[in-house]
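Printed here is coords-v2.cif (mmCIF, C-alpha atoms):
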data_coords
#
loop_
_atom_site.label_atom_id
_atom_site.label_comp_id
_atom_site.auth_asym_id
_atom_site.auth_seq_id
_atom_site.Cartn_x
_atom_site.Cartn_y
_atom_site.Cartn_z
CA MET A 1 -82.10 26.15 55.20
CA GLY A 2 -82.44 28.57 58.17
CA MET A 3 -79.03 30.14 57.50
CA THR A 4 -79.91 30.63 53.86
CA LEU A 5 -83.08 32.47 54.85
CA ALA A 6 -81.14 34.64 57.32
CA LYS A 7 -78.59 35.46 54.59
CA ARG A 8 -81.32 36.42 52.17
CA ILE A 9 -83.10 38.60 54.71
CA GLY A 10 -79.80 40.28 55.61
CA LEU A 11 -78.98 40.89 51.98
CA VAL A 12 -82.43 42.35 51.32
CA LEU A 13 -82.16 44.65 54.37
CA VAL A 14 -78.71 45.91 53.37
CA ALA A 15 -79.94 46.48 49.79
CA LEU A 16 -83.04 48.33 51.06
CA LEU A 17 -80.89 50.60 53.24
CA PHE A 18 -78.74 51.49 50.24
CA VAL A 19 -81.75 52.04 47.96
CA TRP A 20 -83.51 54.18 50.62
CA ASN A 21 -80.44 56.38 51.07
CA LEU A 22 -79.97 56.67 47.32
CA PHE A 23 -83.65 57.61 46.86
CA LEU A 24 -83.53 60.30 49.55
CA TYR A 25 -80.36 61.80 48.14
CA ALA A 26 -81.36 61.65 44.46
CA SER A 27 -84.90 62.94 44.99
CA SER A 28 -83.63 65.87 47.03
CA GLN A 29 -81.41 66.80 44.08
CA TRP A 30 -84.07 66.59 41.37
CA ASN A 31 -86.88 68.32 43.31
CA SER A 32 -86.97 72.08 42.87
CA ASP A 33 -87.43 72.61 46.62
CA HIS A 34 -84.52 70.23 47.38
CA ILE A 35 -86.67 68.19 49.76
CA PRO A 36 -86.59 64.40 49.25
CA GLY A 37 -89.77 62.83 47.92
CA LEU A 38 -91.83 62.11 44.81
CA GLY A 39 -94.56 64.21 43.22
CA LYS A 40 -96.57 65.99 45.91
CA TRP A 41 -95.12 63.77 48.68
CA ARG A 42 -92.08 64.76 50.75
CA VAL A 43 -90.11 62.76 53.32
CA LEU A 44 -88.61 64.72 56.21
CA SER A 45 -86.64 63.96 59.35
CA VAL A 46 -87.77 65.46 62.64
CA LEU A 47 -84.79 66.78 64.59
CA THR A 48 -86.39 68.25 67.72
CA GLY A 49 -89.01 67.25 70.27
CA SER A 50 -91.18 70.33 69.83
CA MET A 51 -94.10 68.16 68.61
CA ALA A 52 -93.77 65.45 71.29
CA PRO A 53 -95.57 63.26 72.11
CA THR A 54 -97.33 63.31 68.73
CA ILE A 55 -94.08 63.37 66.72
CA LYS A 56 -90.78 62.71 68.47
CA ALA A 57 -87.24 63.70 67.58
CA GLY A 58 -85.85 60.93 65.38
CA ASP A 59 -89.17 60.22 63.66
CA MET A 60 -89.71 60.72 59.96
CA VAL A 61 -92.81 62.43 58.56
CA ILE A 62 -94.53 62.13 55.21
CA VAL A 63 -95.81 65.50 54.04
CA THR A 64 -98.20 66.07 51.16
CA ARG A 65 -98.74 69.39 49.44
CA TYR A 66 -102.09 71.09 49.82
CA THR A 67 -103.92 70.98 46.50
CA GLY A 68 -107.15 72.90 46.39
CA GLU A 69 -107.63 72.91 50.15
CA VAL A 70 -106.30 75.21 52.84
CA PRO A 71 -104.73 74.31 56.18
CA LYS A 72 -107.24 74.02 59.00
CA THR A 73 -106.81 74.57 62.71
CA GLY A 74 -105.42 71.33 64.15
CA ASP A 75 -103.49 70.30 61.01
CA ILE A 76 -99.83 69.51 61.50
CA ILE A 77 -97.95 71.34 58.77
CA THR A 78 -94.39 71.78 57.58
CA TYR A 79 -93.25 75.22 56.45
CA TRP A 80 -90.08 77.15 55.69
CA LYS A 81 -88.93 79.13 58.74
CA ASP A 82 -88.17 82.21 56.62
CA ASP A 83 -86.99 83.17 53.16
CA GLN A 84 -83.32 83.50 54.12
CA THR A 85 -82.68 80.14 55.79
CA ARG A 86 -83.27 76.66 54.42
CA SER A 87 -84.79 75.56 57.74
CA LEU A 88 -88.09 73.68 57.95
CA ILE A 89 -90.50 73.63 60.89
CA THR A 90 -93.23 71.05 61.55
CA HIS A 91 -95.87 72.39 63.97
CA ARG A 92 -99.62 72.39 64.49
CA VAL A 93 -101.90 75.15 63.16
CA VAL A 94 -103.58 76.83 66.13
CA GLN A 95 -105.19 79.73 64.26
CA ARG A 96 -105.80 80.74 60.65
CA LEU A 97 -106.58 84.22 59.38
CA ASP A 98 -108.88 84.92 56.40
CA ASN A 99 -105.88 86.03 54.32
CA GLY A 100 -104.30 82.56 54.78
CA TYR A 101 -101.66 83.48 57.35
CA LEU A 102 -101.16 80.80 60.00
CA GLN A 103 -100.31 80.84 63.70
CA THR A 104 -98.49 77.64 64.67
CA LYS A 105 -97.25 75.97 67.83
CA GLY A 106 -95.32 72.84 68.69
CA ASP A 107 -97.36 70.47 70.90
CA ALA A 108 -94.54 70.41 73.49
CA ASN A 109 -94.02 74.19 73.42
CA GLN A 110 -95.63 76.54 75.96
CA GLU A 111 -95.94 79.47 73.55
CA THR A 112 -97.05 79.85 69.96
CA ASP A 113 -94.41 80.43 67.30
CA GLY A 114 -93.50 84.11 66.96
CA GLY A 115 -95.33 85.91 64.19
CA TRP A 116 -97.63 84.60 61.51
CA THR A 117 -96.58 82.14 58.82
CA ASP A 118 -97.00 83.30 55.24
CA PRO A 119 -98.98 80.68 53.28
CA ASN A 120 -96.37 80.96 50.49
CA ARG A 121 -93.81 79.31 52.81
CA LEU A 122 -96.02 76.28 53.35
CA VAL A 123 -94.57 72.89 52.25
CA GLY A 124 -97.59 70.77 53.14
CA LYS A 125 -99.57 68.75 55.66
CA VAL A 126 -98.13 65.86 57.68
CA VAL A 127 -100.09 62.73 56.74
CA ALA A 128 -97.95 60.00 58.32
CA THR A 129 -95.23 59.51 60.90
CA ILE A 130 -92.64 56.74 60.81
CA PRO A 131 -91.23 56.25 64.34
CA PHE A 132 -87.42 56.11 64.70
CA ALA A 133 -86.89 56.23 60.91
CA ALA A 134 -84.98 59.52 60.94
CA ALA A 135 -82.68 58.31 63.70
CA LEU A 136 -81.98 55.11 61.75
CA HIS A 137 -81.50 57.09 58.54
CA GLN A 138 -79.09 59.47 60.27
CA LEU A 139 -77.10 56.52 61.59
CA ILE A 140 -76.85 54.63 58.28
CA LYS A 141 -76.13 57.79 56.35
CA GLU A 142 -72.73 57.94 58.01
CA PRO A 143 -70.11 56.31 55.73
CA LEU A 144 -68.34 54.62 58.64
CA THR A 145 -71.60 53.02 59.79
CA MET A 146 -72.28 51.68 56.29
CA VAL A 147 -68.74 50.26 56.14
CA PHE A 148 -69.32 48.45 59.46
CA ILE A 149 -72.70 47.12 58.32
CA LEU A 150 -71.25 45.83 55.05
CA ALA A 151 -68.15 44.39 56.73
CA GLY A 152 -70.28 42.62 59.32
CA PHE A 153 -72.60 41.20 56.69
CA ILE A 154 -69.71 40.04 54.48
CA GLY A 155 -68.02 38.52 57.54
CA TYR A 156 -71.24 36.69 58.38
CA LEU A 157 -71.52 35.36 54.82
CA ILE A 158 -67.91 34.13 54.83
CA HIS A 159 -68.31 32.53 58.27
CA THR A 160 -71.48 30.65 57.31
CA GLN A 161 -69.96 29.54 53.98
CA ARG A 162 -66.91 28.12 55.76
CA ARG A 163 -69.07 26.41 58.38
CA SER A 164 -71.35 24.83 55.81
CA GLY A 165 -68.30 23.86 53.71
CA SER A 166 -66.60 22.14 56.67
CA LYS A 167 -69.82 20.30 57.57
CA LYS A 168 -70.07 19.01 54.00
CA ASP A 169 -66.39 17.95 54.06
CA SER A 170 -66.80 16.03 57.33
CA LYS A 171 -70.01 14.41 56.06
CA GLN A 172 -68.24 13.37 52.82
CA ALA A 173 -65.34 11.92 54.87
CA SER A 174 -67.80 9.98 57.01
CA ILE A 175 -69.53 8.56 53.93
CA GLN A 176 -66.15 7.69 52.40
CA THR A 177 -65.07 5.88 55.60
CA GLU A 178 -68.29 3.86 55.67
CA LYS A 179 -67.76 2.79 52.05
CA LEU A 180 -64.17 1.73 52.75
CA GLU A 181 -65.14 -0.24 55.85
CA GLY A 182 -67.95 -1.91 53.94
CA ASP A 183 -65.60 -2.96 51.12
CA LEU A 184 -63.11 -4.60 53.49
CA THR A 185 -65.53 -7.19 54.87
#
Encoding of this model in C-alpha coordinates:
Amino acid sequence: MGMTLAKRIGLVLVALLFVWNLFLYASSQWNSDHIPGLGKWRVLSVLTGSMAPTIKAGDMVIVTRYTGEVPKTGDIITYWKDDQTRSLITHRVVQRLDNGYLQTKGDANQETDGGWTDPNRLVGKVVATIPFAAALHQLIKEPLTMVFILAGFIGYLIHTQRRSGSKKDSKQASIQTEKLEGDLT
(Lines of atoms letter the chains of each structure in order from A and count residues from 1; the text may use other names and numbers.)
(Lines give C-alpha, C1' and ligand atoms only; values in the text may rest on other atoms or scores of the structure.)
Protein backbone atom coordinates (compact mmCIF):
# COMPACT_ATOMS: atom_id res chain seq x y z
CA MET A 1 0.00 0.00 0.00
CA GLY A 2 2.84 2.43 0.90
CA MET A 3 4.53 1.96 -2.48
CA THR A 4 1.27 2.61 -4.27
CA LEU A 5 0.86 5.88 -2.38
CA ALA A 6 4.46 6.89 -3.19
CA LYS A 7 3.84 6.11 -6.88
CA ARG A 8 0.70 8.19 -6.91
CA ILE A 9 2.36 11.12 -5.19
CA GLY A 10 5.29 10.91 -7.62
CA LEU A 11 2.97 10.78 -10.59
CA VAL A 12 0.99 13.77 -9.32
CA LEU A 13 4.19 15.78 -8.73
CA VAL A 14 5.56 15.02 -12.20
CA ALA A 15 2.18 15.92 -13.74
CA LEU A 16 2.04 19.18 -11.74
CA LEU A 17 5.54 20.14 -12.91
CA PHE A 18 4.51 19.61 -16.53
CA VAL A 19 1.22 21.50 -16.10
CA TRP A 20 2.98 24.39 -14.31
CA ASN A 21 5.57 24.72 -17.08
CA LEU A 22 2.88 24.49 -19.75
CA PHE A 23 0.79 27.16 -17.98
CA LEU A 24 3.74 29.56 -17.66
CA TYR A 25 4.69 29.12 -21.30
CA ALA A 26 1.16 29.29 -22.73
CA SER A 27 0.04 32.25 -20.63
CA SER A 28 3.13 34.23 -21.58
CA GLN A 29 2.19 33.69 -25.23
CA TRP A 30 -1.46 34.72 -24.96
CA ASN A 31 -0.94 37.77 -22.70
CA SER A 32 -0.35 41.00 -24.58
CA ASP A 33 2.56 41.92 -22.29
CA HIS A 34 4.09 38.43 -22.73
CA ILE A 35 4.32 37.94 -18.96
CA PRO A 36 2.95 34.63 -17.63
CA GLY A 37 -0.24 34.85 -15.58
CA LEU A 38 -4.02 35.11 -15.72
CA GLY A 39 -6.20 38.21 -15.77
CA LYS A 40 -4.64 40.94 -13.63
CA TRP A 41 -2.23 38.46 -11.96
CA ARG A 42 1.32 37.87 -13.21
CA VAL A 43 3.90 35.29 -12.12
CA LEU A 44 7.55 36.37 -12.29
CA SER A 45 10.92 34.90 -11.41
CA VAL A 46 13.35 36.97 -9.37
CA LEU A 47 16.86 36.67 -10.81
CA THR A 48 18.91 38.95 -8.54
CA GLY A 49 19.30 39.60 -4.83
CA SER A 50 18.60 43.33 -5.01
CA MET A 51 15.49 42.91 -2.81
CA ALA A 52 17.10 40.58 -0.23
CA PRO A 53 16.22 39.69 2.44
CA THR A 54 12.58 40.43 1.60
CA ILE A 55 12.72 38.68 -1.80
CA LYS A 56 15.70 36.52 -2.67
CA ALA A 57 17.14 35.49 -6.02
CA GLY A 58 15.39 32.27 -7.01
CA ASP A 59 12.04 33.27 -5.49
CA MET A 60 8.91 33.75 -7.55
CA VAL A 61 6.59 36.73 -7.06
CA ILE A 62 2.90 37.15 -7.76
CA VAL A 63 2.17 40.62 -9.10
CA THR A 64 -1.27 42.17 -9.46
CA ARG A 65 -2.06 45.18 -11.61
CA TYR A 66 -3.09 48.38 -9.89
CA THR A 67 -6.76 49.03 -10.59
CA GLY A 68 -8.07 52.33 -9.34
CA GLU A 69 -5.30 52.81 -6.80
CA VAL A 70 -1.82 54.26 -7.12
CA PRO A 71 1.46 52.89 -5.80
CA LYS A 72 2.32 54.10 -2.31
CA THR A 73 5.67 54.57 -0.65
CA GLY A 74 6.71 51.19 0.72
CA ASP A 75 4.94 49.11 -1.97
CA ILE A 76 7.08 46.58 -3.78
CA ILE A 77 6.37 47.01 -7.48
CA THR A 78 7.43 45.47 -10.77
CA TYR A 79 8.05 47.75 -13.74
CA TRP A 80 9.64 47.72 -17.18
CA LYS A 81 13.22 49.00 -17.02
CA ASP A 82 12.73 51.11 -20.17
CA ASP A 83 10.85 51.11 -23.44
CA GLN A 84 13.66 49.56 -25.47
CA THR A 85 14.45 46.46 -23.41
CA ARG A 86 12.11 43.70 -22.27
CA SER A 87 13.67 43.75 -18.79
CA LEU A 88 11.60 43.87 -15.62
CA ILE A 89 12.66 45.24 -12.24
CA THR A 90 11.05 44.50 -8.87
CA HIS A 91 11.93 47.14 -6.26
CA ARG A 92 10.36 49.11 -3.43
CA VAL A 93 8.80 52.56 -3.94
CA VAL A 94 10.74 55.05 -1.80
CA GLN A 95 9.14 58.25 -3.13
CA ARG A 96 6.19 59.21 -5.30
CA LEU A 97 5.67 62.50 -7.10
CA ASP A 98 2.23 64.10 -7.63
CA ASN A 99 2.45 63.37 -11.37
CA GLY A 100 2.75 59.62 -10.60
CA TYR A 101 6.47 59.21 -11.27
CA LEU A 102 8.15 56.82 -8.82
CA GLN A 103 11.59 56.64 -7.22
CA THR A 104 12.49 53.03 -6.43
CA LYS A 105 15.25 51.15 -4.65
CA GLY A 106 16.14 47.53 -4.03
CA ASP A 107 16.20 46.70 -0.30
CA ALA A 108 19.77 45.35 -0.63
CA ASN A 109 20.99 48.31 -2.71
CA GLN A 110 22.80 51.30 -1.18
CA GLU A 111 21.47 53.82 -3.71
CA THR A 112 18.09 54.50 -5.26
CA ASP A 113 17.52 53.47 -8.86
CA GLY A 114 18.71 56.12 -11.32
CA GLY A 115 15.98 58.43 -12.54
CA TRP A 116 12.25 58.34 -12.00
CA THR A 117 10.00 55.53 -13.19
CA ASP A 118 7.21 56.52 -15.56
CA PRO A 119 3.89 55.18 -14.22
CA ASN A 120 3.11 53.90 -17.74
CA ARG A 121 5.91 51.31 -17.35
CA LEU A 122 4.36 49.90 -14.19
CA VAL A 123 3.35 46.19 -14.29
CA GLY A 124 1.89 45.99 -10.80
CA LYS A 125 2.32 45.44 -7.08
CA VAL A 126 3.95 42.35 -5.55
CA VAL A 127 1.32 40.63 -3.40
CA ALA A 128 3.01 37.29 -2.67
CA THR A 129 6.40 35.62 -2.75
CA ILE A 130 6.98 31.92 -3.30
CA PRO A 131 10.43 30.99 -1.93
CA PHE A 132 12.72 28.92 -4.21
CA ALA A 133 9.99 28.52 -6.86
CA ALA A 134 11.90 30.34 -9.59
CA ALA A 135 15.02 28.29 -8.96
CA LEU A 136 12.99 25.08 -9.16
CA HIS A 137 11.19 26.33 -12.26
CA GLN A 138 14.49 27.22 -13.92
CA LEU A 139 15.83 23.75 -13.15
CA ILE A 140 12.81 21.81 -14.43
CA LYS A 141 12.48 24.02 -17.47
CA GLU A 142 15.66 22.50 -18.84
CA PRO A 143 14.80 19.61 -21.21
CA LEU A 144 17.63 17.43 -19.91
CA THR A 145 16.40 17.81 -16.33
CA MET A 146 12.87 16.81 -17.35
CA VAL A 147 14.26 13.75 -19.18
CA PHE A 148 16.14 12.71 -16.02
CA ILE A 149 13.07 13.25 -13.83
CA LEU A 150 10.87 11.21 -16.16
CA ALA A 151 13.49 8.48 -16.61
CA GLY A 152 13.96 8.22 -12.85
CA PHE A 153 10.24 8.05 -12.21
CA ILE A 154 9.70 5.43 -14.94
CA GLY A 155 12.66 3.44 -13.58
CA TYR A 156 11.13 3.59 -10.11
CA LEU A 157 7.77 2.38 -11.43
CA ILE A 158 9.38 -0.53 -13.30
CA HIS A 159 11.50 -1.48 -10.28
CA THR A 160 8.55 -1.51 -7.88
CA GLN A 161 6.39 -3.45 -10.37
CA ARG A 162 9.07 -6.12 -10.73
CA ARG A 163 9.57 -6.31 -6.97
CA SER A 164 5.87 -6.64 -6.26
CA GLY A 165 5.55 -9.17 -9.10
CA SER A 166 8.38 -11.34 -7.73
CA LYS A 167 6.90 -11.20 -4.21
CA LYS A 168 3.55 -12.39 -5.58
CA ASP A 169 5.28 -15.19 -7.54
CA SER A 170 7.18 -16.41 -4.46
CA LYS A 171 4.03 -16.22 -2.35
CA GLN A 172 2.10 -18.22 -4.98
CA ALA A 173 4.90 -20.83 -5.07
CA SER A 174 4.80 -21.09 -1.28
CA ILE A 175 1.03 -21.59 -1.31
CA GLN A 176 1.36 -24.18 -4.09
CA THR A 177 4.03 -26.08 -2.11
CA GLU A 178 1.83 -26.15 0.99
CA LYS A 179 -1.07 -27.56 -1.03
CA LEU A 180 1.12 -30.27 -2.54
CA GLU A 181 2.58 -31.25 0.82
CA GLY A 182 -0.90 -31.35 2.32
CA ASP A 183 -2.18 -33.63 -0.45
CA LEU A 184 0.61 -36.17 0.02
CA THR A 185 -0.26 -37.06 3.61
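Distances from A:Asp33, A:Glu69, A:Asp59, A:Asp113 to Ala133 in chain A were compared using only C-alpha atoms, and the smallest one belongs to A:Asp59.
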TODO: Within 9 Å of (-85.9, 59.1, 58.2) (coordinates as in the file), grab all the protein and nucleic acid residues, counting all atoms listed in the file, and write them out as JSON, numbers by chain.
DONE: {"A": [43, 44, 45, 46, 58, 59, 60, 61, 130, 131, 132, 133, 134, 135, 136, 137, 138]}
TODO: Give as a ChimeraX atom specification the residues that the PyMOL selection byres ((chain A and resi 62) around 6) matches when applied to the coordinates above.
DONE: /A:42-43,61,63,126-128
Quick one: apply the PyMOL selection byres ((chain A and resi 102) around 12) to the file and drop the selected residues here as a PDB file with C-alpha atoms, in the frame of the given file.
ATOM      1  CA  VAL A  70    -106.300  75.210  52.840  1.00  0.00           C
ATOM      2  CA  PRO A  71    -104.730  74.310  56.180  1.00  0.00           C
ATOM      3  CA  LYS A  72    -107.240  74.020  59.000  1.00  0.00           C
ATOM      4  CA  THR A  73    -106.810  74.570  62.710  1.00  0.00           C
ATOM      5  CA  GLY A  74    -105.420  71.330  64.150  1.00  0.00           C
ATOM      6  CA  ASP A  75    -103.490  70.300  61.010  1.00  0.00           C
ATOM      7  CA  ILE A  76     -99.830  69.510  61.500  1.00  0.00           C
ATOM      8  CA  ILE A  77     -97.950  71.340  58.770  1.00  0.00           C
ATOM      9  CA  THR A  78     -94.390  71.780  57.580  1.00  0.00           C
ATOM     10  CA  TYR A  79     -93.250  75.220  56.450  1.00  0.00           C
ATOM     11  CA  HIS A  91     -95.870  72.390  63.970  1.00  0.00           C
ATOM     12  CA  ARG A  92     -99.620  72.390  64.490  1.00  0.00           C
ATOM     13  CA  VAL A  93    -101.900  75.150  63.160  1.00  0.00           C
ATOM     14  CA  VAL A  94    -103.580  76.830  66.130  1.00  0.00           C
ATOM     15  CA  GLN A  95    -105.190  79.730  64.260  1.00  0.00           C
ATOM     16  CA  ARG A  96    -105.800  80.740  60.650  1.00  0.00           C
ATOM     17  CA  LEU A  97    -106.580  84.220  59.380  1.00  0.00           C
ATOM     18  CA  ASP A  98    -108.880  84.920  56.400  1.00  0.00           C
ATOM     19  CA  ASN A  99    -105.880  86.030  54.320  1.00  0.00           C
ATOM     20  CA  GLY A 100    -104.300  82.560  54.780  1.00  0.00           C
ATOM     21  CA  TYR A 101    -101.660  83.480  57.350  1.00  0.00           C
ATOM     22  CA  GLN A 103    -100.310  80.840  63.700  1.00  0.00           C
ATOM     23  CA  THR A 104     -98.490  77.640  64.670  1.00  0.00           C
ATOM     24  CA  LYS A 105     -97.250  75.970  67.830  1.00  0.00           C
ATOM     25  CA  THR A 112     -97.050  79.850  69.960  1.00  0.00           C
ATOM     26  CA  ASP A 113     -94.410  80.430  67.300  1.00  0.00           C
ATOM     27  CA  GLY A 114     -93.500  84.110  66.960  1.00  0.00           C
ATOM     28  CA  GLY A 115     -95.330  85.910  64.190  1.00  0.00           C
ATOM     29  CA  TRP A 116     -97.630  84.600  61.510  1.00  0.00           C
ATOM     30  CA  THR A 117     -96.580  82.140  58.820  1.00  0.00           C
ATOM     31  CA  ASP A 118     -97.000  83.300  55.240  1.00  0.00           C
ATOM     32  CA  PRO A 119     -98.980  80.680  53.280  1.00  0.00           C
ATOM     33  CA  ASN A 120     -96.370  80.960  50.490  1.00  0.00           C
ATOM     34  CA  ARG A 121     -93.810  79.310  52.810  1.00  0.00           C
ATOM     35  CA  LEU A 122     -96.020  76.280  53.350  1.00  0.00           C
TER      36      LEU A 122
END
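On the file presented, the PyMOL selection byres ((chain A and resi 14) around 12) picks out Lys7, Arg8, Ile9, Gly10, Leu11, Val12, Leu13, Ala15, Leu16, Leu17, Phe18, Val19, Trp20, Asn21, Ile140, Thr145, Met146, Val147, Phe148, Ile149, Leu150, Ala151, Gly152, Phe153 and Ile154 of chain A.
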Would you fill out range 25-36 of chain A with all heavy atoms and return it as a PDB file, in the coordinates of the input?
ATOM      1  N   TYR A  25     -81.346  60.871  48.688  1.00  0.00           N
ATOM      2  CA  TYR A  25     -80.360  61.800  48.140  1.00  0.00           C
ATOM      3  C   TYR A  25     -80.745  62.259  46.738  1.00  0.00           C
ATOM      4  O   TYR A  25     -80.781  63.463  46.451  1.00  0.00           O
ATOM      5  CB  TYR A  25     -78.969  61.157  48.105  1.00  0.00           C
ATOM      6  CG  TYR A  25     -77.963  62.042  47.420  1.00  0.00           C
ATOM      7  CD1 TYR A  25     -77.449  63.157  48.072  1.00  0.00           C
ATOM      8  CD2 TYR A  25     -77.570  61.795  46.109  1.00  0.00           C
ATOM      9  CE1 TYR A  25     -76.554  64.002  47.436  1.00  0.00           C
ATOM     10  CE2 TYR A  25     -76.671  62.634  45.470  1.00  0.00           C
ATOM     11  CZ  TYR A  25     -76.164  63.733  46.137  1.00  0.00           C
ATOM     12  OH  TYR A  25     -75.295  64.568  45.493  1.00  0.00           O
ATOM     13  N   ALA A  26     -81.058  61.311  45.863  1.00  0.00           N
ATOM     14  CA  ALA A  26     -81.360  61.650  44.460  1.00  0.00           C
ATOM     15  C   ALA A  26     -82.611  62.514  44.360  1.00  0.00           C
ATOM     16  O   ALA A  26     -82.626  63.513  43.638  1.00  0.00           O
ATOM     17  CB  ALA A  26     -81.525  60.380  43.639  1.00  0.00           C
ATOM     18  N   SER A  27     -83.662  62.164  45.099  1.00  0.00           N
ATOM     19  CA  SER A  27     -84.900  62.940  44.990  1.00  0.00           C
ATOM     20  C   SER A  27     -84.722  64.356  45.542  1.00  0.00           C
ATOM     21  O   SER A  27     -85.361  65.290  45.066  1.00  0.00           O
ATOM     22  CB  SER A  27     -86.060  62.218  45.679  1.00  0.00           C
ATOM     23  OG  SER A  27     -85.854  62.119  47.066  1.00  0.00           O
ATOM     24  N   SER A  28     -83.862  64.518  46.532  1.00  0.00           N
ATOM     25  CA  SER A  28     -83.630  65.870  47.030  1.00  0.00           C
ATOM     26  C   SER A  28     -82.889  66.716  46.005  1.00  0.00           C
ATOM     27  O   SER A  28     -83.013  67.936  45.996  1.00  0.00           O
ATOM     28  CB  SER A  28     -82.854  65.852  48.353  1.00  0.00           C
ATOM     29  OG  SER A  28     -81.523  65.459  48.146  1.00  0.00           O
ATOM     30  N   GLN A  29     -82.137  66.071  45.125  1.00  0.00           N
ATOM     31  CA  GLN A  29     -81.410  66.800  44.080  1.00  0.00           C
ATOM     32  C   GLN A  29     -82.320  67.176  42.916  1.00  0.00           C
ATOM     33  O   GLN A  29     -82.177  68.237  42.335  1.00  0.00           O
ATOM     34  CB  GLN A  29     -80.231  65.961  43.575  1.00  0.00           C
ATOM     35  CG  GLN A  29     -79.186  65.667  44.638  1.00  0.00           C
ATOM     36  CD  GLN A  29     -78.626  66.911  45.267  1.00  0.00           C
ATOM     37  OE1 GLN A  29     -78.181  67.824  44.596  1.00  0.00           O
ATOM     38  NE2 GLN A  29     -78.655  66.971  46.594  1.00  0.00           N
ATOM     39  N   TRP A  30     -83.249  66.303  42.542  1.00  0.00           N
ATOM     40  CA  TRP A  30     -84.070  66.590  41.370  1.00  0.00           C
ATOM     41  C   TRP A  30     -85.319  67.401  41.684  1.00  0.00           C
ATOM     42  O   TRP A  30     -85.941  67.949  40.788  1.00  0.00           O
ATOM     43  CB  TRP A  30     -84.393  65.346  40.561  1.00  0.00           C
ATOM     44  CG  TRP A  30     -85.376  64.376  41.165  1.00  0.00           C
ATOM     45  CD1 TRP A  30     -86.640  64.631  41.544  1.00  0.00           C
ATOM     46  CD2 TRP A  30     -85.166  62.990  41.398  1.00  0.00           C
ATOM     47  NE1 TRP A  30     -87.236  63.508  42.038  1.00  0.00           N
ATOM     48  CE2 TRP A  30     -86.360  62.480  41.940  1.00  0.00           C
ATOM     49  CE3 TRP A  30     -84.105  62.124  41.202  1.00  0.00           C
ATOM     50  CZ2 TRP A  30     -86.501  61.145  42.300  1.00  0.00           C
ATOM     51  CZ3 TRP A  30     -84.263  60.804  41.550  1.00  0.00           C
ATOM     52  CH2 TRP A  30     -85.441  60.330  42.093  1.00  0.00           C
ATOM     53  N   ASN A  31     -85.728  67.487  42.956  1.00  0.00           N
ATOM     54  CA  ASN A  31     -86.880  68.320  43.310  1.00  0.00           C
ATOM     55  C   ASN A  31     -86.464  69.782  43.390  1.00  0.00           C
ATOM     56  O   ASN A  31     -85.410  70.101  43.931  1.00  0.00           O
ATOM     57  CB  ASN A  31     -87.470  67.879  44.665  1.00  0.00           C
ATOM     58  CG  ASN A  31     -88.205  66.562  44.572  1.00  0.00           C
ATOM     59  OD1 ASN A  31     -88.734  66.213  43.520  1.00  0.00           O
ATOM     60  ND2 ASN A  31     -88.229  65.827  45.660  1.00  0.00           N
ATOM     61  N   SER A  32     -87.307  70.651  42.893  1.00  0.00           N
ATOM     62  CA  SER A  32     -86.970  72.080  42.870  1.00  0.00           C
ATOM     63  C   SER A  32     -86.824  72.668  44.264  1.00  0.00           C
ATOM     64  O   SER A  32     -86.059  73.602  44.470  1.00  0.00           O
ATOM     65  CB  SER A  32     -88.028  72.851  42.084  1.00  0.00           C
ATOM     66  OG  SER A  32     -89.296  72.697  42.710  1.00  0.00           O
ATOM     67  N   ASP A  33     -87.540  72.108  45.253  1.00  0.00           N
ATOM     68  CA  ASP A  33     -87.430  72.610  46.620  1.00  0.00           C
ATOM     69  C   ASP A  33     -86.306  71.931  47.409  1.00  0.00           C
ATOM     70  O   ASP A  33     -86.071  72.247  48.565  1.00  0.00           O
ATOM     71  CB  ASP A  33     -88.756  72.473  47.362  1.00  0.00           C
ATOM     72  CG  ASP A  33     -89.272  71.040  47.389  1.00  0.00           C
ATOM     73  OD1 ASP A  33     -88.533  70.100  47.017  1.00  0.00           O
ATOM     74  OD2 ASP A  33     -90.438  70.850  47.796  1.00  0.00           O
ATOM     75  N   HIS A  34     -85.635  70.976  46.785  1.00  0.00           N
ATOM     76  CA  HIS A  34     -84.520  70.230  47.380  1.00  0.00           C
ATOM     77  C   HIS A  34     -84.924  69.453  48.630  1.00  0.00           C
ATOM     78  O   HIS A  34     -84.113  69.239  49.527  1.00  0.00           O
ATOM     79  CB  HIS A  34     -83.331  71.145  47.672  1.00  0.00           C
ATOM     80  CG  HIS A  34     -82.769  71.754  46.429  1.00  0.00           C
ATOM     81  ND1 HIS A  34     -82.075  71.032  45.487  1.00  0.00           N
ATOM     82  CD2 HIS A  34     -82.832  73.007  45.952  1.00  0.00           C
ATOM     83  CE1 HIS A  34     -81.729  71.807  44.504  1.00  0.00           C
ATOM     84  NE2 HIS A  34     -82.188  73.023  44.748  1.00  0.00           N
ATOM     85  N   ILE A  35     -86.173  69.039  48.680  1.00  0.00           N
ATOM     86  CA  ILE A  35     -86.670  68.190  49.760  1.00  0.00           C
ATOM     87  C   ILE A  35     -86.890  66.802  49.162  1.00  0.00           C
ATOM     88  O   ILE A  35     -87.510  66.679  48.108  1.00  0.00           O
ATOM     89  CB  ILE A  35     -87.992  68.726  50.347  1.00  0.00           C
ATOM     90  CG1 ILE A  35     -87.818  70.160  50.853  1.00  0.00           C
ATOM     91  CG2 ILE A  35     -88.480  67.822  51.463  1.00  0.00           C
ATOM     92  CD1 ILE A  35     -89.122  70.807  51.289  1.00  0.00           C
ATOM     93  N   PRO A  36     -86.403  65.737  49.810  1.00  0.00           N
ATOM     94  CA  PRO A  36     -86.590  64.400  49.250  1.00  0.00           C
ATOM     95  C   PRO A  36     -88.053  64.005  49.170  1.00  0.00           C
ATOM     96  O   PRO A  36     -88.837  64.324  50.066  1.00  0.00           O
ATOM     97  CB  PRO A  36     -85.828  63.484  50.219  1.00  0.00           C
ATOM     98  CG  PRO A  36     -85.446  64.308  51.379  1.00  0.00           C
ATOM     99  CD  PRO A  36     -85.661  65.734  51.057  1.00  0.00           C
TER     100      PRO A  36
END
